[in-house]
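Undergrad: What follows is coords-v2.cif, made up of mmCIF, N, CA and C atoms:
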```
data_start
loop_
_atom_site.group_PDB
_atom_site.id
_atom_site.type_symbol
_atom_site.label_atom_id
_atom_site.label_comp_id
_atom_site.auth_asym_id
_atom_site.auth_seq_id
_atom_site.Cartn_x
_atom_site.Cartn_y
_atom_site.Cartn_z
ATOM 1 N N ALA A 1 11.005 2.320 -3.737
ATOM 2 C CA ALA A 1 10.155 3.468 -3.519
ATOM 3 C C ALA A 1 8.706 3.001 -3.438
ATOM 4 N N TYR A 2 7.890 3.770 -2.748
ATOM 5 C CA TYR A 2 6.455 3.490 -2.626
ATOM 6 C C TYR A 2 5.711 4.706 -3.131
ATOM 7 N N ILE A 3 4.857 4.472 -4.093
ATOM 8 C CA ILE A 3 4.134 5.552 -4.759
ATOM 9 C C ILE A 3 2.675 5.155 -4.911
ATOM 10 N N THR A 4 1.872 6.117 -5.345
ATOM 11 C CA THR A 4 0.521 5.778 -5.783
ATOM 12 C C THR A 4 0.509 5.867 -7.299
ATOM 13 N N GLU A 5 -0.207 4.928 -7.899
ATOM 14 C CA GLU A 5 -0.284 4.870 -9.350
ATOM 15 C C GLU A 5 -1.603 4.239 -9.744
ATOM 16 N N ASN A 6 -2.390 4.982 -10.488
ATOM 17 C CA ASN A 6 -3.693 4.487 -10.956
ATOM 18 C C ASN A 6 -4.564 3.958 -9.815
ATOM 19 N N GLY A 7 -4.530 4.664 -8.668
ATOM 20 C CA GLY A 7 -5.371 4.288 -7.541
ATOM 21 C C GLY A 7 -4.833 3.164 -6.669
ATOM 22 N N TRP A 8 -3.607 2.794 -6.874
ATOM 23 C CA TRP A 8 -2.977 1.726 -6.102
ATOM 24 C C TRP A 8 -1.779 2.245 -5.324
ATOM 25 N N VAL A 9 -1.468 1.603 -4.195
ATOM 26 C CA VAL A 9 -0.181 1.758 -3.529
ATOM 27 C C VAL A 9 0.738 0.773 -4.243
ATOM 28 N N VAL A 10 1.866 1.274 -4.718
ATOM 29 C CA VAL A 10 2.752 0.481 -5.567
ATOM 30 C C VAL A 10 4.165 0.476 -4.991
ATOM 31 N N GLU A 11 4.766 -0.709 -5.000
ATOM 32 C CA GLU A 11 6.161 -0.861 -4.611
ATOM 33 C C GLU A 11 7.001 -0.862 -5.882
ATOM 34 N N CYS A 12 8.029 -0.008 -5.917
ATOM 35 C CA CYS A 12 8.899 0.105 -7.089
ATOM 36 C C CYS A 12 10.309 -0.335 -6.718
ATOM 37 N N LYS A 13 10.817 -1.264 -7.501
ATOM 38 C CA LYS A 13 12.208 -1.701 -7.342
ATOM 39 C C LYS A 13 12.819 -1.683 -8.733
ATOM 40 N N GLY A 14 13.659 -0.700 -8.981
ATOM 41 C CA GLY A 14 14.196 -0.542 -10.333
ATOM 42 C C GLY A 14 13.047 -0.291 -11.301
ATOM 43 N N GLN A 15 12.976 -1.064 -12.350
ATOM 44 C CA GLN A 15 11.902 -0.932 -13.337
ATOM 45 C C GLN A 15 10.656 -1.727 -12.950
ATOM 46 N N LYS A 16 10.761 -2.569 -11.929
ATOM 47 C CA LYS A 16 9.648 -3.422 -11.516
ATOM 48 C C LYS A 16 8.677 -2.652 -10.627
ATOM 49 N N ARG A 17 7.377 -2.795 -10.921
ATOM 50 C CA ARG A 17 6.330 -2.189 -10.096
ATOM 51 C C ARG A 17 5.368 -3.292 -9.677
ATOM 52 N N GLU A 18 5.040 -3.297 -8.380
ATOM 53 C CA GLU A 18 4.100 -4.301 -7.874
ATOM 54 C C GLU A 18 3.024 -3.615 -7.042
ATOM 55 N N GLN A 19 1.776 -3.863 -7.401
ATOM 56 C CA GLN A 19 0.657 -3.282 -6.674
ATOM 57 C C GLN A 19 0.505 -3.974 -5.326
ATOM 58 N N ILE A 20 0.246 -3.167 -4.304
ATOM 59 C CA ILE A 20 0.074 -3.718 -2.957
ATOM 60 C C ILE A 20 -1.392 -3.695 -2.554
ATOM 61 N N THR A 21 -2.033 -2.536 -2.664
ATOM 62 C CA THR A 21 -3.441 -2.430 -2.281
ATOM 63 C C THR A 21 -4.064 -1.223 -2.973
ATOM 64 N N ARG A 22 -5.362 -1.301 -3.185
ATOM 65 C CA ARG A 22 -6.084 -0.174 -3.782
ATOM 66 C C ARG A 22 -6.367 0.879 -2.717
ATOM 67 N N LEU A 23 -6.213 2.126 -3.082
ATOM 68 C CA LEU A 23 -6.527 3.203 -2.146
ATOM 69 C C LEU A 23 -8.002 3.178 -1.751
ATOM 70 N N THR A 24 -8.872 2.788 -2.667
ATOM 71 C CA THR A 24 -10.302 2.747 -2.353
ATOM 72 C C THR A 24 -10.644 1.681 -1.333
ATOM 73 N N SER A 25 -9.729 0.745 -1.078
ATOM 74 C CA SER A 25 -9.986 -0.287 -0.073
ATOM 75 C C SER A 25 -9.455 0.107 1.305
ATOM 76 N N LEU A 26 -8.925 1.333 1.419
ATOM 77 C CA LEU A 26 -8.364 1.797 2.682
ATOM 78 C C LEU A 26 -9.243 2.895 3.256
ATOM 79 N N PRO A 27 -10.104 2.561 4.215
ATOM 80 C CA PRO A 27 -11.038 3.551 4.755
ATOM 81 C C PRO A 27 -10.372 4.831 5.238
ATOM 82 N N VAL A 28 -9.185 4.725 5.788
ATOM 83 C CA VAL A 28 -8.506 5.892 6.353
ATOM 84 C C VAL A 28 -8.162 6.926 5.285
ATOM 85 N N THR A 29 -8.061 6.520 4.022
ATOM 86 C CA THR A 29 -7.715 7.469 2.954
ATOM 87 C C THR A 29 -8.936 8.091 2.305
ATOM 88 N N TRP A 30 -10.112 7.696 2.730
ATOM 89 C CA TRP A 30 -11.370 8.213 2.164
ATOM 90 C C TRP A 30 -11.353 8.069 0.651
ATOM 91 N N GLY A 31 -10.987 6.871 0.203
ATOM 92 C CA GLY A 31 -10.961 6.596 -1.230
ATOM 93 C C GLY A 31 -9.809 7.253 -1.955
ATOM 94 N N GLY A 32 -8.811 7.686 -1.216
ATOM 95 C CA GLY A 32 -7.645 8.324 -1.799
ATOM 96 C C GLY A 32 -7.689 9.832 -1.802
ATOM 97 N N VAL A 33 -8.813 10.432 -1.372
ATOM 98 C CA VAL A 33 -8.916 11.896 -1.395
ATOM 99 C C VAL A 33 -8.265 12.551 -0.177
ATOM 100 N N ALA A 34 -8.073 11.829 0.902
ATOM 101 C CA ALA A 34 -7.365 12.367 2.077
ATOM 102 C C ALA A 34 -5.870 12.155 1.830
ATOM 103 N N THR A 35 -5.287 13.081 1.075
ATOM 104 C CA THR A 35 -3.913 12.894 0.606
ATOM 105 C C THR A 35 -2.890 12.808 1.735
ATOM 106 N N PHE A 36 -3.147 13.487 2.852
ATOM 107 C CA PHE A 36 -2.212 13.374 3.975
ATOM 108 C C PHE A 36 -2.235 11.960 4.545
ATOM 109 N N GLN A 37 -3.408 11.294 4.483
ATOM 110 C CA GLN A 37 -3.481 9.906 4.937
ATOM 111 C C GLN A 37 -2.826 8.967 3.927
ATOM 112 N N VAL A 38 -2.928 9.290 2.648
ATOM 113 C CA VAL A 38 -2.230 8.506 1.632
ATOM 114 C C VAL A 38 -0.730 8.565 1.898
ATOM 115 N N ALA A 39 -0.226 9.751 2.224
ATOM 116 C CA ALA A 39 1.194 9.896 2.553
ATOM 117 C C ALA A 39 1.555 9.056 3.774
ATOM 118 N N ASN A 40 0.681 9.034 4.781
ATOM 119 C CA ASN A 40 0.916 8.204 5.969
ATOM 120 C C ASN A 40 0.944 6.726 5.606
ATOM 121 N N VAL A 41 0.040 6.318 4.734
ATOM 122 C CA VAL A 41 -0.005 4.916 4.286
ATOM 123 C C VAL A 41 1.302 4.558 3.582
ATOM 124 N N LEU A 42 1.768 5.413 2.685
ATOM 125 C CA LEU A 42 3.011 5.137 1.971
ATOM 126 C C LEU A 42 4.178 4.976 2.939
ATOM 127 N N ALA A 43 4.245 5.845 3.941
ATOM 128 C CA ALA A 43 5.318 5.752 4.935
ATOM 129 C C ALA A 43 5.209 4.465 5.742
ATOM 130 N N ALA A 44 3.993 4.100 6.117
ATOM 131 C CA ALA A 44 3.790 2.869 6.897
ATOM 132 C C ALA A 44 4.168 1.642 6.072
ATOM 133 N N VAL A 45 3.759 1.628 4.818
ATOM 134 C CA VAL A 45 4.094 0.496 3.946
ATOM 135 C C VAL A 45 5.612 0.389 3.793
ATOM 136 N N ALA A 46 6.264 1.500 3.543
ATOM 137 C CA ALA A 46 7.719 1.480 3.399
ATOM 138 C C ALA A 46 8.387 0.934 4.659
ATOM 139 N N ALA A 47 7.900 1.362 5.814
ATOM 140 C CA ALA A 47 8.504 0.922 7.075
ATOM 141 C C ALA A 47 8.359 -0.581 7.282
ATOM 142 N N VAL A 48 7.176 -1.113 7.064
ATOM 143 C CA VAL A 48 6.979 -2.543 7.334
ATOM 144 C C VAL A 48 7.583 -3.424 6.249
ATOM 145 N N ARG A 49 7.705 -2.900 5.027
ATOM 146 C CA ARG A 49 8.355 -3.685 3.982
ATOM 147 C C ARG A 49 9.836 -3.856 4.263
ATOM 148 N N THR A 50 10.460 -2.897 5.001
ATOM 149 C CA THR A 50 11.865 -3.071 5.368
ATOM 150 C C THR A 50 12.042 -4.278 6.281
ATOM 151 N N GLU A 51 10.949 -4.678 6.933
ATOM 152 C CA GLU A 51 10.963 -5.863 7.801
ATOM 153 C C GLU A 51 10.401 -7.090 7.085
ATOM 154 N N ASN A 52 10.218 -6.974 5.767
ATOM 155 C CA ASN A 52 9.749 -8.074 4.914
ATOM 156 C C ASN A 52 8.351 -8.575 5.266
ATOM 157 N N VAL A 53 7.497 -7.694 5.768
ATOM 158 C CA VAL A 53 6.107 -8.062 6.016
ATOM 159 C C VAL A 53 5.444 -8.312 4.663
ATOM 160 N N ASP A 54 4.730 -9.409 4.568
ATOM 161 C CA ASP A 54 4.073 -9.806 3.331
ATOM 162 C C ASP A 54 3.069 -8.756 2.862
ATOM 163 N N LYS A 55 3.021 -8.535 1.573
ATOM 164 C CA LYS A 55 2.137 -7.519 1.007
ATOM 165 C C LYS A 55 0.668 -7.800 1.290
ATOM 166 N N ALA A 56 0.283 -9.049 1.314
ATOM 167 C CA ALA A 56 -1.115 -9.402 1.607
ATOM 168 C C ALA A 56 -1.478 -9.041 3.045
ATOM 169 N N ILE A 57 -0.560 -9.221 3.966
ATOM 170 C CA ILE A 57 -0.789 -8.852 5.362
ATOM 171 C C ILE A 57 -0.921 -7.340 5.485
ATOM 172 N N ILE A 58 -0.072 -6.607 4.778
ATOM 173 C CA ILE A 58 -0.135 -5.144 4.796
ATOM 174 C C ILE A 58 -1.485 -4.676 4.281
ATOM 175 N N SER A 59 -1.899 -5.220 3.159
ATOM 176 C CA SER A 59 -3.175 -4.832 2.555
ATOM 177 C C SER A 59 -4.340 -5.099 3.502
ATOM 178 N N LYS A 60 -4.343 -6.263 4.126
ATOM 179 C CA LYS A 60 -5.420 -6.618 5.053
ATOM 180 C C LYS A 60 -5.422 -5.693 6.270
ATOM 181 N N ALA A 61 -4.258 -5.419 6.816
ATOM 182 C CA ALA A 61 -4.162 -4.561 8.005
ATOM 183 C C ALA A 61 -4.622 -3.143 7.688
ATOM 184 N N LEU A 62 -4.144 -2.590 6.589
ATOM 185 C CA LEU A 62 -4.539 -1.229 6.237
ATOM 186 C C LEU A 62 -6.021 -1.148 5.902
ATOM 187 N N GLY A 63 -6.562 -2.195 5.318
ATOM 188 C CA GLY A 63 -7.985 -2.222 4.979
ATOM 189 C C GLY A 63 -8.883 -2.283 6.193
ATOM 190 N N SER A 64 -8.337 -2.743 7.311
ATOM 191 C CA SER A 64 -9.147 -2.860 8.528
ATOM 192 C C SER A 64 -9.051 -1.629 9.424
ATOM 193 N N PHE A 65 -8.114 -0.712 9.120
ATOM 194 C CA PHE A 65 -7.928 0.475 9.949
ATOM 195 C C PHE A 65 -8.889 1.563 9.500
ATOM 196 N N LYS A 66 -9.678 2.048 10.428
ATOM 197 C CA LYS A 66 -10.658 3.090 10.126
ATOM 198 C C LYS A 66 -10.334 4.345 10.924
ATOM 199 N N SER A 67 -10.482 5.491 10.295
ATOM 200 C CA SER A 67 -10.144 6.739 10.981
ATOM 201 C C SER A 67 -11.110 7.053 12.107
ATOM 202 N N ASP A 68 -12.318 6.488 12.076
ATOM 203 C CA ASP A 68 -13.281 6.787 13.133
ATOM 204 C C ASP A 68 -13.013 6.012 14.418
ATOM 205 N N SER A 69 -11.936 5.228 14.437
ATOM 206 C CA SER A 69 -11.596 4.505 15.661
ATOM 207 C C SER A 69 -10.945 5.423 16.694
ATOM 208 N N ASN A 70 -10.558 6.617 16.268
ATOM 209 C CA ASN A 70 -9.979 7.610 17.172
ATOM 210 C C ASN A 70 -10.937 8.786 17.277
ATOM 211 N N ALA A 71 -11.677 8.867 18.360
ATOM 212 C CA ALA A 71 -12.678 9.921 18.524
ATOM 213 C C ALA A 71 -12.052 11.302 18.348
ATOM 214 N N GLY A 72 -12.648 12.085 17.457
ATOM 215 C CA GLY A 72 -12.199 13.441 17.229
ATOM 216 C C GLY A 72 -11.092 13.591 16.198
ATOM 217 N N ARG A 73 -10.602 12.504 15.664
ATOM 218 C CA ARG A 73 -9.541 12.562 14.655
ATOM 219 C C ARG A 73 -10.072 12.061 13.325
ATOM 220 N N MET A 74 -10.325 12.973 12.421
ATOM 221 C CA MET A 74 -10.789 12.674 11.066
ATOM 222 C C MET A 74 -12.035 11.784 11.052
ATOM 223 N N ASN A 75 -13.011 12.173 11.841
ATOM 224 C CA ASN A 75 -14.279 11.445 11.871
ATOM 225 C C ASN A 75 -15.247 12.110 10.908
ATOM 226 N N LEU A 76 -15.924 11.308 10.105
ATOM 227 C CA LEU A 76 -16.894 11.795 9.135
ATOM 228 C C LEU A 76 -18.281 11.357 9.583
ATOM 229 N N TYR A 77 -19.175 12.308 9.716
ATOM 230 C CA TYR A 77 -20.538 12.021 10.135
ATOM 231 C C TYR A 77 -21.508 12.556 9.096
ATOM 232 N N ARG A 78 -22.540 11.794 8.830
ATOM 233 C CA ARG A 78 -23.603 12.271 7.946
ATOM 234 C C ARG A 78 -24.626 13.001 8.801
ATOM 235 N N ILE A 79 -24.927 14.223 8.447
ATOM 236 C CA ILE A 79 -25.900 15.048 9.159
ATOM 237 C C ILE A 79 -26.918 15.513 8.126
ATOM 238 N N GLY A 80 -28.126 14.998 8.217
ATOM 239 C CA GLY A 80 -29.151 15.357 7.236
ATOM 240 C C GLY A 80 -28.698 15.003 5.837
ATOM 241 N N ASP A 81 -28.667 15.995 4.955
ATOM 242 C CA ASP A 81 -28.238 15.765 3.577
ATOM 243 C C ASP A 81 -26.753 16.029 3.363
ATOM 244 N N GLY A 82 -26.040 16.347 4.425
ATOM 245 C CA GLY A 82 -24.626 16.683 4.282
ATOM 246 C C GLY A 82 -23.729 15.863 5.179
ATOM 247 N N TYR A 83 -22.500 16.300 5.269
ATOM 248 C CA TYR A 83 -21.506 15.621 6.082
ATOM 249 C C TYR A 83 -20.771 16.632 6.941
ATOM 250 N N VAL A 84 -20.250 16.151 8.061
ATOM 251 C CA VAL A 84 -19.423 16.964 8.942
ATOM 252 C C VAL A 84 -18.154 16.168 9.237
ATOM 253 N N VAL A 85 -17.026 16.845 9.136
ATOM 254 C CA VAL A 85 -15.751 16.245 9.508
ATOM 255 C C VAL A 85 -15.353 16.832 10.856
ATOM 256 N N VAL A 86 -15.029 15.959 11.797
ATOM 257 C CA VAL A 86 -14.545 16.390 13.104
ATOM 258 C C VAL A 86 -13.079 15.990 13.191
ATOM 259 N N ASP A 87 -12.226 16.983 13.323
ATOM 260 C CA ASP A 87 -10.790 16.725 13.444
ATOM 261 C C ASP A 87 -10.167 17.831 14.275
ATOM 262 N N TYR A 88 -9.807 17.500 15.470
ATOM 263 C CA TYR A 88 -9.163 18.486 16.335
ATOM 264 C C TYR A 88 -7.648 18.331 16.219
ATOM 265 N N ALA A 89 -7.163 18.183 15.022
ATOM 266 C CA ALA A 89 -5.775 17.842 14.718
ATOM 267 C C ALA A 89 -4.761 18.801 15.335
ATOM 268 N N HIS A 90 -4.661 18.742 16.598
ATOM 269 C CA HIS A 90 -3.635 19.493 17.299
ATOM 270 C C HIS A 90 -3.116 18.629 18.431
ATOM 271 N N ASN A 91 -1.954 18.909 18.849
ATOM 272 C CA ASN A 91 -1.325 18.166 19.946
ATOM 273 C C ASN A 91 -0.927 19.161 21.018
ATOM 274 N N ALA A 92 -1.029 18.729 22.233
ATOM 275 C CA ALA A 92 -0.602 19.559 23.350
ATOM 276 C C ALA A 92 0.530 18.836 24.075
ATOM 277 N N SER A 93 1.415 19.601 24.611
ATOM 278 C CA SER A 93 2.478 18.984 25.398
ATOM 279 C C SER A 93 2.578 19.716 26.728
ATOM 280 N N ALA A 94 2.924 18.980 27.722
ATOM 281 C CA ALA A 94 3.081 19.559 29.065
ATOM 282 C C ALA A 94 4.481 20.116 29.211
ATOM 283 N N ILE A 95 4.571 21.226 29.891
ATOM 284 C CA ILE A 95 5.879 21.828 30.172
ATOM 285 C C ILE A 95 6.076 21.769 31.682
ATOM 286 N N ASP A 96 7.142 21.152 32.085
ATOM 287 C CA ASP A 96 7.454 21.061 33.521
ATOM 288 C C ASP A 96 8.113 22.304 34.022
#
```
Would you put the structure from the file into structure tokens?

TA:
Amino acid sequence: AYITENGWVVECKGQKREQITRLTSLPVTWGGVATFQVANVLAAVAAVRTENVDKAIISKALGSFKSDSNAGRMNLYRIGDGYVVVDYAHNASAID
């Protein structure tokens, strides 16, 4: 199982727990407060661990992924003394 515990993404096997990466080191999770992104991270970690991807590689890859790399999807901008989040989180599909 993959869970969060004390600010870490943790791999659980039986009674054994192993920390993989800190949520605060993952820009896409906004320090762990973007819980839907934390859920995405857990799913991604679980998927790549089934392929035996090394935990250090996972941590490095997730740490380099930033949500502002996708224009309009969970972008945070500082405006004056405040912040603005831009997220047009909708999908469109074509119907033939």

Undergrad: For a test of reading the model, state the distance in Å between atom CA of A:Ile3 and atom CA of A:Leu42, rounded to one decimal.

TA: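 We find that atom CA of A:Ile3 and atom CA of A:Leu42 lie 6.8 Å from each other.
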
Undergrad: From the set A:Leu76, A:Val28, A:Val9, A:Ala56, which residue has the shortest atom-to-atom contact distance to A:Ala43, counting only C-alpha atoms?

TA: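 Using only C-alpha atoms, the shortest distance to A:Ala43 belongs to A:Val9.
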
Undergrad: Between A:Gly7, A:Val53, A:Asn40, A:Val86, which residue has the minimum interatomic distance to A:Thr24, considering only N, CA and C atoms?

TA: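 Counting only N, CA and C atoms, the residue closest to A:Thr24 is A:Gly7.
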
Undergrad: One decimal, in Å: what's the spacing between atom N of A:Ile20 and atom N of A:Ala71?

TA: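 Interatomic distance, atom N of A:Ile20 to atom N of A:Ala71: 28.3 Å.
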
Undergrad: Apply the PyMOL selection byres (((chain A and resi 26 and name CA) around 9) and name CA) to the file shown and report the selected residues as a PyMOL selection string.

TA: chain A and resi 21-25+27-32+59+62-66

Undergrad: Which residues would end up in the selection if the PyMOL selection byres (((chain A and resi 1 and name CA) around 8) and name CA) were applied here, given that I need the answer as a PyMOL selection string?

TA: chain A and resi 2-3+11-13+46

Undergrad: Do you have the atom N of A:Val45-atom C of A:Ile57 distance handy?

TA: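 Between atom N of A:Val45 and atom C of A:Ile57 the gap works out to 10.1 Å.
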
Undergrad: Out of chain A, which residues get helix (DSSP H, G or I) from DSSP, as JSON, numbers by chain?

TA: {"A": [23, 24, 25, 27, 28, 29, 30, 31, 32, 35, 36, 37, 38, 39, 40, 41, 42, 43, 44, 45, 46, 47, 48, 49, 55, 56, 57, 58, 59, 60, 61, 62, 63, 64, 67, 68, 69]}

Undergrad: Using only N, CA and C atoms, please write the residues we just selected to a file, as a tab-separated table (two decimals), in the frame of the given file.

TA:
```tsv
chain	number	residue	atom	x	y	z
A	23	LEU	N	-6.21	2.13	-3.08
A	23	LEU	CA	-6.53	3.20	-2.15
A	23	LEU	C	-8.00	3.18	-1.75
A	24	THR	N	-8.87	2.79	-2.67
A	24	THR	CA	-10.30	2.75	-2.35
A	24	THR	C	-10.64	1.68	-1.33
A	25	SER	N	-9.73	0.74	-1.08
A	25	SER	CA	-9.99	-0.29	-0.07
A	25	SER	C	-9.46	0.11	1.30
A	27	PRO	N	-10.10	2.56	4.22
A	27	PRO	CA	-11.04	3.55	4.76
A	27	PRO	C	-10.37	4.83	5.24
A	28	VAL	N	-9.18	4.72	5.79
A	28	VAL	CA	-8.51	5.89	6.35
A	28	VAL	C	-8.16	6.93	5.28
A	29	THR	N	-8.06	6.52	4.02
A	29	THR	CA	-7.72	7.47	2.95
A	29	THR	C	-8.94	8.09	2.31
A	30	TRP	N	-10.11	7.70	2.73
A	30	TRP	CA	-11.37	8.21	2.16
A	30	TRP	C	-11.35	8.07	0.65
A	31	GLY	N	-10.99	6.87	0.20
A	31	GLY	CA	-10.96	6.60	-1.23
A	31	GLY	C	-9.81	7.25	-1.96
A	32	GLY	N	-8.81	7.69	-1.22
A	32	GLY	CA	-7.64	8.32	-1.80
A	32	GLY	C	-7.69	9.83	-1.80
A	35	THR	N	-5.29	13.08	1.08
A	35	THR	CA	-3.91	12.89	0.61
A	35	THR	C	-2.89	12.81	1.74
A	36	PHE	N	-3.15	13.49	2.85
A	36	PHE	CA	-2.21	13.37	3.98
A	36	PHE	C	-2.24	11.96	4.54
A	37	GLN	N	-3.41	11.29	4.48
A	37	GLN	CA	-3.48	9.91	4.94
A	37	GLN	C	-2.83	8.97	3.93
A	38	VAL	N	-2.93	9.29	2.65
A	38	VAL	CA	-2.23	8.51	1.63
A	38	VAL	C	-0.73	8.56	1.90
A	39	ALA	N	-0.23	9.75	2.22
A	39	ALA	CA	1.19	9.90	2.55
A	39	ALA	C	1.56	9.06	3.77
A	40	ASN	N	0.68	9.03	4.78
A	40	ASN	CA	0.92	8.20	5.97
A	40	ASN	C	0.94	6.73	5.61
A	41	VAL	N	0.04	6.32	4.73
A	41	VAL	CA	0.00	4.92	4.29
A	41	VAL	C	1.30	4.56	3.58
A	42	LEU	N	1.77	5.41	2.68
A	42	LEU	CA	3.01	5.14	1.97
A	42	LEU	C	4.18	4.98	2.94
A	43	ALA	N	4.24	5.84	3.94
A	43	ALA	CA	5.32	5.75	4.93
A	43	ALA	C	5.21	4.46	5.74
A	44	ALA	N	3.99	4.10	6.12
A	44	ALA	CA	3.79	2.87	6.90
A	44	ALA	C	4.17	1.64	6.07
A	45	VAL	N	3.76	1.63	4.82
A	45	VAL	CA	4.09	0.50	3.95
A	45	VAL	C	5.61	0.39	3.79
A	46	ALA	N	6.26	1.50	3.54
A	46	ALA	CA	7.72	1.48	3.40
A	46	ALA	C	8.39	0.93	4.66
A	47	ALA	N	7.90	1.36	5.81
A	47	ALA	CA	8.50	0.92	7.08
A	47	ALA	C	8.36	-0.58	7.28
A	48	VAL	N	7.18	-1.11	7.06
A	48	VAL	CA	6.98	-2.54	7.33
A	48	VAL	C	7.58	-3.42	6.25
A	49	ARG	N	7.70	-2.90	5.03
A	49	ARG	CA	8.36	-3.68	3.98
A	49	ARG	C	9.84	-3.86	4.26
A	55	LYS	N	3.02	-8.54	1.57
A	55	LYS	CA	2.14	-7.52	1.01
A	55	LYS	C	0.67	-7.80	1.29
A	56	ALA	N	0.28	-9.05	1.31
A	56	ALA	CA	-1.12	-9.40	1.61
A	56	ALA	C	-1.48	-9.04	3.04
A	57	ILE	N	-0.56	-9.22	3.97
A	57	ILE	CA	-0.79	-8.85	5.36
A	57	ILE	C	-0.92	-7.34	5.48
A	58	ILE	N	-0.07	-6.61	4.78
A	58	ILE	CA	-0.14	-5.14	4.80
A	58	ILE	C	-1.48	-4.68	4.28
A	59	SER	N	-1.90	-5.22	3.16
A	59	SER	CA	-3.18	-4.83	2.56
A	59	SER	C	-4.34	-5.10	3.50
A	60	LYS	N	-4.34	-6.26	4.13
A	60	LYS	CA	-5.42	-6.62	5.05
A	60	LYS	C	-5.42	-5.69	6.27
A	61	ALA	N	-4.26	-5.42	6.82
A	61	ALA	CA	-4.16	-4.56	8.01
A	61	ALA	C	-4.62	-3.14	7.69
A	62	LEU	N	-4.14	-2.59	6.59
A	62	LEU	CA	-4.54	-1.23	6.24
A	62	LEU	C	-6.02	-1.15	5.90
A	63	GLY	N	-6.56	-2.19	5.32
A	63	GLY	CA	-7.98	-2.22	4.98
A	63	GLY	C	-8.88	-2.28	6.19
A	64	SER	N	-8.34	-2.74	7.31
A	64	SER	CA	-9.15	-2.86	8.53
A	64	SER	C	-9.05	-1.63	9.42
A	67	SER	N	-10.48	5.49	10.30
A	67	SER	CA	-10.14	6.74	10.98
A	67	SER	C	-11.11	7.05	12.11
A	68	ASP	N	-12.32	6.49	12.08
A	68	ASP	CA	-13.28	6.79	13.13
A	68	ASP	C	-13.01	6.01	14.42
A	69	SER	N	-11.94	5.23	14.44
A	69	SER	CA	-11.60	4.50	15.66
A	69	SER	C	-10.94	5.42	16.69
```

Undergrad: Counting only C-alpha atoms, which of A:Gly80, A:Glu5, A:Val33, A:Val10 gets nearest to A:Arg49?

TA: A:Val10

Undergrad: Check stretch 4-67 of chain A with DSSP on the backbone and list each residue it calls strand (DSSP E), as a list of chain:residue names.

TA: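 Going through stretch 4-67 of chain A, the strand (DSSP E) residues come out as A:Thr4, A:Glu5, A:Trp8, A:Val9, A:Val10, A:Glu11, A:Cys12, A:Lys13, A:Lys16, A:Arg17, A:Glu18, A:Gln19, A:Ile20, A:Thr21, A:Arg22.
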